[in-house]
Amino acid sequence: MSLSDWIRPRRRLWAIYNELGYIPWRKPRKPRKPRRQRRGVYIGTREAIPFMNDDAKRTFSHLLLRPGYMMRDYILRGHHERYLAPFTALLVFYSLFTLIVAVVQPGEKSRFADEMLRSLQDVTIVTDSTATDSTNVLSIKVNGQEPNVKLRRVAESILGTVREAILLTRLDLHPEAADTPWKESLAAIEGDLRSKGIPLFLGNFLLLWMSMAILLRRHGISVSGAAAASGFVLCQYCIFMFLALLLSMGRNTDLGLLLVAVLLFIDYRQLLGIANKPALWLTIRTGLLYLIFLILFYSLIGGGLVVYALYRM
């Protein structure tokens with residue numbers, strides 16, 4: 001038997017599995033006899049531990065092997081009972097990933113908020129000694145350099161407001177900044193949310209949801225369907241972040257822009273049943289819309305902080 005004769009039926013089997021999500025002629029396993037139930041309500045280990053029950057294991061394996069087809073089954077064919085709901089899957093996947101990262105503690109890159117907070121803490125504003133009484137000139141010292149700028153009070157108010165806004169979103173990581181009771185309560189809430197992995201996916205989920213809702217509308221997928229698709233896409237990214245952590249021996253969890261684009265391309269191709277070129281353009285347009293929404297979001301936040309800083313003056 002030649003190699004092509006050996007490969008051909010297995011490729012056919014793989015195509016059938018991708019289309020259906022199961023092998024139709026395989027006999028189902030015999031159900032196990034339930035254990036003797038003592039007094040009270042019995043909950044088995046498989047129902048209590050994540051990834052031990054059938055729905056969670058099926059969601060994990062199908063996101064790894066046939067992600068786009070699984071999204072099609074859930075969104076377009078209504079097979080909701082076979083898989084975890086997308087928001088439940090997000091909480092389960094990212095909670096477990098956060099727990100693993102907390103144990104392994106990989107050398108991750110600094111986040112944008114941490115870098116901005118560190119930069120703002122290194123900035124000091126002092127009045128230039130060479131200025132006359134009629135001129136309000138200030139000097140901003142950054143790493144020892146002193147360029148001259150105007151409006152000292154405006155700059156102080158804006159920088160202080162931005163610094164406070166970033167700290168308010170990271171009080172659980174900077175407990176020394178929680179100097180009032182309401183800040184301590186906010187820090188406790190943030191710590192609880194961070195332990196569930198919600199900050200890891202919340203911003204990406206909202207931006208990806210808006211991008212996919214616009215692009216998938218012409219393919220017959222509603223806004224709620226786009227939310228489910230974006231949730232499953234982020235769960236797929238979480239699986240590959242775990243694989244990156246495993247392959248790098250616990251040193252890195254970054255996927256890289258190219259791998260993220262390739263995964264999204266595969267998802268679109270399987271979900272919509274389209275050719276390579278339309279799936280590639282849809283992936284590029286999703287990335288562009290994501291970038292536009294991200295810039296717009298930070299522009300609105302920055303503009304709001306500037307207005308609030310001027311109002312406080």
# chains A, B, ... in the order shown; residues from 1 in each chain; ligands from 1
$ residues_around --residues "segment 156-158 of chain A" --least-positions-apart "3" --cutoff "8 Å" --atoms "only C-alpha atoms" --output "list in words"
Ile125, Arg152, Arg153, Thr161, Val162, Leu305, Val306, Ala309, Leu310, Arg312 and Met313 of chain A
$ residues_around --residues "segment 240-243 of chain A" --least-positions-apart "2" --cutoff "12 Å" --atoms "only C-alpha atoms" --output "ChimeraX atom specification"
/A:60,63-65,93-94,96-101,104,106,108,200,233-238,245-256,259-260,263
$ atom_distance --atom1 "atom CA of Ser4 of chain A" --atom2 "atom CA of Tyr17 of chain A"
19.8 Å
$ residues_around --residues "segment 182-198 of chain A" --least-positions-apart "3" --cutoff "12 Å" --atoms "only C-alpha atoms" --output "PyMOL selection string"
chain A and resi 87-102+164+167-179+201-206+234-235+238
$ atom_distance --atom1 "atom CA of Thr283 of chain A" --atom2 "atom CA of Phe265 of chain A"
5.7 Å
$ atom_distance --atom1 "atom CA of Leu258 of chain A" --atom2 "atom CA of Tyr290 of chain A"
15.2 Å
$ closest_residue --among "A:Ala165, A:Leu300, A:Val307, A:Ala85" --to "Ala227 of chain A" --atoms "only C-alpha atoms"
A:Ala85
$ residues_around --residues "Leu216 of chain A" --least-positions-apart "3" --cutoff "10 Å" --atoms "only C-alpha atoms" --output "mmCIF file with C-alpha atoms, in the first residue's frame"
data_model
loop_
_atom_site.group_PDB
_atom_site.id
_atom_site.type_symbol
_atom_site.label_atom_id
_atom_site.label_comp_id
_atom_site.auth_asym_id
_atom_site.auth_seq_id
_atom_site.Cartn_x
_atom_site.Cartn_y
_atom_site.Cartn_z
ATOM 1 C CA SER A 211 -15.029 45.005 14.958
ATOM 2 C CA MET A 212 -16.593 41.610 14.258
ATOM 3 C CA ALA A 213 -20.140 42.916 14.683
ATOM 4 C CA HIS A 219 -22.521 37.346 6.497
ATOM 5 C CA GLY A 220 -25.754 36.875 8.425
ATOM 6 C CA ILE A 221 -24.270 36.924 11.941
ATOM 7 C CA SER A 222 -26.024 39.137 14.488
ATOM 8 C CA VAL A 223 -24.472 41.315 17.166
ATOM 9 C CA GLY A 225 -23.430 36.060 17.409
ATOM 10 C CA ALA A 226 -20.404 38.334 16.951
ATOM 11 C CA ALA A 229 -17.501 34.521 18.168
ATOM 12 C CA TYR A 268 -13.018 33.072 9.545
ATOM 13 C CA LEU A 272 -18.000 31.327 7.146
ATOM 14 C CA LEU A 282 -11.596 39.945 6.475
ATOM 15 C CA THR A 286 -10.728 43.230 11.509
#
